[in-house]
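The file protein-v4.txt contains compact mmCIF, C-alpha atoms:
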# COMPACT_ATOMS: atom_id res chain seq x y z
CA MET A 1 75.84 121.68 121.96
CA ASN A 2 73.12 122.09 119.36
CA ILE A 3 70.93 118.97 119.16
CA PRO A 4 67.61 119.96 117.56
CA ALA A 5 64.62 118.30 119.24
CA GLN A 6 62.65 117.82 116.00
CA LEU A 7 65.29 115.50 114.49
CA LYS A 8 66.06 111.84 115.16
CA TYR A 9 69.58 110.47 115.61
CA THR A 10 71.71 107.34 115.29
CA LYS A 11 74.44 105.87 117.47
CA ASP A 12 76.73 106.51 114.48
CA HIS A 13 76.06 110.27 114.79
CA GLU A 14 73.81 110.83 111.79
CA TRP A 15 70.66 112.94 112.06
CA VAL A 16 67.39 112.45 110.19
CA SER A 17 64.45 114.68 109.41
CA LEU A 18 61.41 113.11 107.78
CA ASP A 19 58.89 114.80 105.49
CA GLY A 20 56.36 112.21 104.34
CA GLU A 21 58.49 109.45 102.85
CA ILE A 22 61.54 111.66 102.15
CA ALA A 23 64.31 111.66 104.76
CA THR A 24 67.05 114.28 104.83
CA ILE A 25 70.24 112.98 106.44
CA GLY A 26 73.48 114.54 107.67
CA ILE A 27 75.98 114.20 110.48
CA THR A 28 75.53 115.77 113.90
CA ALA A 29 77.33 118.78 115.35
CA PHE A 30 79.06 116.35 117.72
CA ALA A 31 80.33 114.24 114.81
CA GLN A 32 81.66 117.18 112.80
CA LYS A 33 83.40 118.53 115.91
CA GLU A 34 85.04 115.16 116.57
CA LEU A 35 86.15 114.84 112.94
CA GLY A 36 87.57 118.34 112.70
CA ASP A 37 87.82 120.31 109.47
CA ILE A 38 85.89 118.44 106.79
CA VAL A 39 87.56 118.56 103.39
CA TYR A 40 85.53 116.11 101.30
CA VAL A 41 82.17 114.32 101.31
CA GLU A 42 81.78 111.35 98.98
CA VAL A 43 78.49 109.66 98.12
CA GLU A 44 78.68 107.12 95.31
CA THR A 45 75.33 105.51 96.10
CA LEU A 46 73.03 108.03 94.39
CA ASP A 47 70.01 106.29 92.81
CA GLN A 48 70.77 103.08 94.73
CA THR A 49 68.47 101.38 97.22
CA LEU A 50 70.25 100.44 100.43
CA ALA A 51 69.26 98.75 103.67
CA LYS A 52 69.36 100.47 107.02
CA ASP A 53 72.92 100.61 108.46
CA GLU A 54 74.64 100.11 105.08
CA VAL A 55 77.45 102.52 104.19
CA PHE A 56 76.17 105.24 101.86
CA GLY A 57 79.33 107.33 101.66
CA THR A 58 82.34 108.74 103.46
CA VAL A 59 83.33 112.01 105.02
CA GLU A 60 86.98 113.02 104.96
CA ALA A 61 88.51 115.37 107.48
CA VAL A 62 92.09 116.64 107.60
CA LYS A 63 93.29 113.66 109.67
CA THR A 64 90.71 110.89 109.15
CA VAL A 65 88.08 109.32 106.91
CA SER A 66 84.80 108.06 108.36
CA ASP A 67 82.05 105.91 106.85
CA LEU A 68 78.49 107.25 106.73
CA PHE A 69 75.75 104.77 107.64
CA LEU A 70 72.20 104.94 106.29
CA PRO A 71 69.76 105.40 109.20
CA MET A 72 66.70 104.26 107.24
CA SER A 73 66.27 101.84 104.32
CA GLY A 74 65.48 103.38 100.98
CA GLU A 75 66.61 104.85 97.68
CA ILE A 76 69.14 107.66 97.75
CA ILE A 77 67.50 110.26 95.52
CA GLU A 78 69.62 113.35 96.09
CA PHE A 79 73.13 114.37 97.13
CA ASN A 80 73.82 117.87 98.41
CA GLU A 81 75.95 119.03 95.48
CA GLY A 82 76.91 122.18 97.37
CA LEU A 83 79.24 120.01 99.46
CA GLU A 84 81.38 119.27 96.39
CA SER A 85 82.70 122.83 96.31
CA ALA A 86 82.18 123.69 100.00
CA PRO A 87 82.47 120.56 102.21
CA GLU A 88 83.25 122.81 105.19
CA THR A 89 79.53 123.67 105.24
CA VAL A 90 79.13 120.46 107.26
CA ASN A 91 81.27 122.11 109.96
CA THR A 92 79.52 125.48 109.90
CA ASP A 93 75.89 124.34 109.45
CA PRO A 94 75.53 120.57 110.02
CA TYR A 95 71.73 120.69 110.49
CA GLY A 96 71.02 123.14 107.67
CA ASP A 97 72.99 123.69 104.49
CA GLY A 98 75.39 120.89 105.53
CA TRP A 99 72.84 118.11 104.96
CA MET A 100 74.26 115.24 102.90
CA ILE A 101 71.57 113.13 101.22
CA ARG A 102 67.84 112.72 100.72
CA VAL A 103 66.30 109.25 100.75
CA LYS A 104 62.92 107.95 99.61
CA VAL A 105 62.42 105.64 102.58
CA SER A 106 61.14 102.09 102.23
CA ASP A 107 59.71 101.84 105.75
CA VAL A 108 58.62 105.05 107.50
CA ALA A 109 58.28 103.08 110.78
CA GLU A 110 62.10 102.90 110.97
CA PHE A 111 62.02 106.61 111.91
CA ASP A 112 60.43 105.73 115.25
CA GLU A 113 63.31 103.33 116.00
CA LEU A 114 65.89 106.14 115.91
CA LEU A 115 67.13 108.03 118.97
CA SER A 116 65.29 111.09 120.26
CA SER A 117 67.31 114.24 120.95
CA ASP A 118 67.31 113.37 124.68
CA ASP A 119 68.51 109.82 123.97
CA TYR A 120 71.26 111.20 121.73
CA LYS A 121 72.31 113.74 124.38
CA ASN A 122 72.64 110.85 126.85
CA LEU A 123 74.69 108.86 124.32
CA ILE A 124 77.26 111.64 123.85
CA GLY A 125 77.18 112.87 127.44
CA ALA A 126 75.79 116.31 126.61

Kindly present the structure from the file in structure tokens form.
Amino acid sequence: MNIPAQLKYTKDHEWVSLDGEIATIGITAFAQKELGDIVYVEVETLDQTLAKDEVFGTVEAVKTVSDLFLPMSGEIIEFNEGLESAPETVNTDPYGDGWMIRVKVSDVAEFDELLSSDDYKNLIGA
């Protein structure tokens, strides 16, 4: 299973890449596989400032809906609008074009509290 080493992860199966104070966030390959065919991604928190672990949106698959939890506190500054017309991109490219949001983080130190790729592999038994 693809678990890029340069990213950080959460126990809720989100991934994070950090560039300065801007975090790009999506769901992991494991999460999209567990959910199945993704048909809709909803983020109604654009331009809002949320605390770490708050729900920032939902992802809907054919048989289930799952909440998305913010891995780092901050203001949601961008939603991947490509997912509106092609939500299946999360299935085909979860770490690339399937990213979900960008956040201007409040506390960059929270990045260090996230799981490493090895920790995440242990969590999911990969």

Requested in this report: Have a look at A:Gly57, A:Gly36, A:Gly20, A:Pro94 and name the one nearest to Phe69 (chain A); count all atoms listed in the file.
Outcome: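 The shortest atom-to-atom distance to Phe69 (chain A) comes from A:Gly57.
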
Query - Interatomic distance (Å, one decimal) between CA of Leu114 (chain A) and CA of Lys52 (chain A) - result: 11.1 Å

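Compared by their closest atoms to Ile25 (chain A), and using all atoms listed in the file, the residues A:Thr49, A:Asn2, A:Ser106, A:Asn80 rank with A:Asn80 nearest.
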
Query raised in the report: Contacts of Ser17 (chain A) at 10 Å or less, counting only C-alpha atoms, minus same-chain residues fewer than 3 places along, as a list in words?
Result: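 Contacts, in chain order: Gln6, Leu7, Lys8, Tyr9, Gly20, Ile22, Ala23, Thr24, Ile25, Gly26, Tyr95, Arg102 and Phe111 of chain A.
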
**Report entry** Nearest residue to Trp15 (chain A) from the set A:Ser117, A:Asn122, A:Thr64, A:Thr92 (distances using all atoms listed in the file)
**Finding:**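 So, comparing all the options, the nearest one is A:Ser117.
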
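Shortest separation to Glu113 (chain A) among A:Glu78, A:Trp99, A:Asp47, A:Met72 occurs at residue A:Met72, atoms counted being all atoms listed in the file.
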
Requested in this report: Excluding Thr28 (chain A) and any residue of its chain fewer than 2 positions from it, enumerate the residues within 6 Å of it, using only C-alpha atoms, and give them as a count of residues only.
Outcome: 5

Requested in this report: Take CA of Glu60 (chain A) and CA of Ala29 (chain A) and report the distance between them in Å, one decimal.
Outcome: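 Pair CA of Glu60 (chain A) / CA of Ala29 (chain A) returns 15.3 Å.
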
Requested in this report: Do a neighbour search on Tyr40 (chain A) at 10 Å with all atoms listed in the file, toss out local chain neighbours closer than 2 positions, and write the hits as a list in words.
Outcome: Asp37, Ile38, Glu42, Thr58, Val59, Glu60, Ala61, Val62, Val65, Leu83, Glu84, Ser85, Ala86, Pro87, Glu88 and Val90 of chain A

**Report entry** One-decimal distance in Å that lies between CA of Val16 (chain A) and CA of Ala109 (chain A)
**Finding:**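 If I compute the distance from CA of Ala109 (chain A) to CA of Val16 (chain A), I get 13.1 Å.
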
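Candidate residues A:Glu54, A:Asp118, A:Asp67, A:Glu21 were compared for distance to Val103 (chain A), and the nearest is A:Glu21, using only C-alpha atoms.
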
Report summary line: Judged by all atoms listed in the file, the minimum distance to Phe79 (chain A) among A:Glu44, A:Asp12, A:Glu110, A:Asp119 is found for A:Glu44

Listed atoms of region 31-44 of chain A boxed axis-aligned with 4 Å per side, centre + edges as lines of an AutoDock Vina configuration file:
center_x = 83.2
center_y = 113.7
center_z = 105.9
size_x = 17.3
size_y = 21.2
size_z = 29.3

Output region 34-45 of chain A with all heavy atoms present, as an mmCIF file, in the frame of the given file.
data_model
loop_
_atom_site.group_PDB
_atom_site.id
_atom_site.type_symbol
_atom_site.label_atom_id
_atom_site.label_comp_id
_atom_site.auth_asym_id
_atom_site.auth_seq_id
_atom_site.Cartn_x
_atom_site.Cartn_y
_atom_site.Cartn_z
ATOM 1 N N GLU A 34 84.083 116.240 116.337
ATOM 2 C CA GLU A 34 85.040 115.160 116.570
ATOM 3 C C GLU A 34 85.938 114.927 115.357
ATOM 4 O O GLU A 34 87.123 114.641 115.502
ATOM 5 C CB GLU A 34 84.307 113.855 116.912
ATOM 6 C CG GLU A 34 83.608 113.858 118.258
ATOM 7 C CD GLU A 34 84.572 113.880 119.431
ATOM 8 O OE1 GLU A 34 85.433 112.988 119.504
ATOM 9 O OE2 GLU A 34 84.464 114.800 120.264
ATOM 10 N N LEU A 35 85.378 115.048 114.161
ATOM 11 C CA LEU A 35 86.150 114.840 112.940
ATOM 12 C C LEU A 35 87.127 115.974 112.664
ATOM 13 O O LEU A 35 88.202 115.758 112.123
ATOM 14 C CB LEU A 35 85.210 114.684 111.735
ATOM 15 C CG LEU A 35 84.431 113.378 111.654
ATOM 16 C CD1 LEU A 35 83.322 113.486 110.620
ATOM 17 C CD2 LEU A 35 85.365 112.217 111.323
ATOM 18 N N GLY A 36 86.743 117.176 113.012
ATOM 19 C CA GLY A 36 87.570 118.340 112.700
ATOM 20 C C GLY A 36 87.186 118.912 111.342
ATOM 21 O O GLY A 36 86.075 118.708 110.853
ATOM 22 N N ASP A 37 88.105 119.623 110.730
ATOM 23 C CA ASP A 37 87.820 120.310 109.470
ATOM 24 C C ASP A 37 87.533 119.313 108.352
ATOM 25 O O ASP A 37 88.403 118.540 107.954
ATOM 26 C CB ASP A 37 88.996 121.196 109.065
ATOM 27 C CG ASP A 37 89.173 122.378 110.010
ATOM 28 O OD1 ASP A 37 88.185 122.776 110.642
ATOM 29 O OD2 ASP A 37 90.302 122.894 110.111
ATOM 30 N N ILE A 38 86.319 119.357 107.845
ATOM 31 C CA ILE A 38 85.890 118.440 106.790
ATOM 32 C C ILE A 38 86.339 119.002 105.440
ATOM 33 O O ILE A 38 86.088 120.170 105.120
ATOM 34 C CB ILE A 38 84.374 118.203 106.860
ATOM 35 C CG1 ILE A 38 84.083 117.427 108.150
ATOM 36 C CG2 ILE A 38 83.869 117.452 105.630
ATOM 37 C CD1 ILE A 38 82.648 117.247 108.498
ATOM 38 N N VAL A 39 87.010 118.128 104.669
ATOM 39 C CA VAL A 39 87.560 118.560 103.390
ATOM 40 C C VAL A 39 86.908 117.890 102.188
ATOM 41 O O VAL A 39 87.096 118.326 101.053
ATOM 42 C CB VAL A 39 89.097 118.338 103.339
ATOM 43 C CG1 VAL A 39 89.792 119.207 104.390
ATOM 44 C CG2 VAL A 39 89.463 116.875 103.541
ATOM 45 N N TYR A 40 86.130 116.827 102.421
ATOM 46 C CA TYR A 40 85.530 116.110 101.300
ATOM 47 C C TYR A 40 84.389 115.239 101.789
ATOM 48 O O TYR A 40 84.501 114.587 102.826
ATOM 49 C CB TYR A 40 86.592 115.244 100.611
ATOM 50 C CG TYR A 40 86.157 114.625 99.306
ATOM 51 C CD1 TYR A 40 85.886 115.396 98.189
ATOM 52 C CD2 TYR A 40 86.025 113.252 99.189
ATOM 53 C CE1 TYR A 40 85.496 114.830 96.986
ATOM 54 C CE2 TYR A 40 85.640 112.663 97.990
ATOM 55 C CZ TYR A 40 85.378 113.466 96.898
ATOM 56 O OH TYR A 40 84.990 112.903 95.721
ATOM 57 N N VAL A 41 83.288 115.225 101.043
ATOM 58 C CA VAL A 41 82.170 114.320 101.310
ATOM 59 C C VAL A 41 81.944 113.526 100.026
ATOM 60 O O VAL A 41 81.772 114.116 98.952
ATOM 61 C CB VAL A 41 80.886 115.070 101.699
ATOM 62 C CG1 VAL A 41 79.735 114.093 101.905
ATOM 63 C CG2 VAL A 41 81.112 115.906 102.951
ATOM 64 N N GLU A 42 81.951 112.205 100.149
ATOM 65 C CA GLU A 42 81.780 111.350 98.980
ATOM 66 C C GLU A 42 80.555 110.461 99.144
ATOM 67 O O GLU A 42 80.419 109.764 100.147
ATOM 68 C CB GLU A 42 83.015 110.475 98.768
ATOM 69 C CG GLU A 42 82.894 109.574 97.552
ATOM 70 C CD GLU A 42 84.159 108.783 97.293
ATOM 71 O OE1 GLU A 42 84.623 108.085 98.217
ATOM 72 O OE2 GLU A 42 84.664 108.870 96.177
ATOM 73 N N VAL A 43 79.670 110.524 98.163
ATOM 74 C CA VAL A 43 78.490 109.660 98.120
ATOM 75 C C VAL A 43 78.417 109.084 96.717
ATOM 76 O O VAL A 43 78.136 109.793 95.759
ATOM 77 C CB VAL A 43 77.197 110.443 98.464
ATOM 78 C CG1 VAL A 43 75.976 109.562 98.272
ATOM 79 C CG2 VAL A 43 77.252 110.980 99.887
ATOM 80 N N GLU A 44 78.718 107.795 96.606
ATOM 81 C CA GLU A 44 78.680 107.120 95.310
ATOM 82 C C GLU A 44 77.463 106.207 95.181
ATOM 83 O O GLU A 44 77.415 105.358 94.307
ATOM 84 C CB GLU A 44 79.963 106.304 95.100
ATOM 85 C CG GLU A 44 81.199 107.171 94.962
ATOM 86 C CD GLU A 44 82.456 106.384 94.665
ATOM 87 O OE1 GLU A 44 82.443 105.149 94.833
ATOM 88 O OE2 GLU A 44 83.457 107.004 94.272
ATOM 89 N N THR A 45 76.498 106.397 96.065
ATOM 90 C CA THR A 45 75.330 105.510 96.100
ATOM 91 C C THR A 45 74.063 106.188 95.590
ATOM 92 O O THR A 45 72.966 105.669 95.802
ATOM 93 C CB THR A 45 75.113 105.005 97.544
ATOM 94 O OG1 THR A 45 75.074 106.137 98.427
ATOM 95 C CG2 THR A 45 76.226 104.054 97.967
#
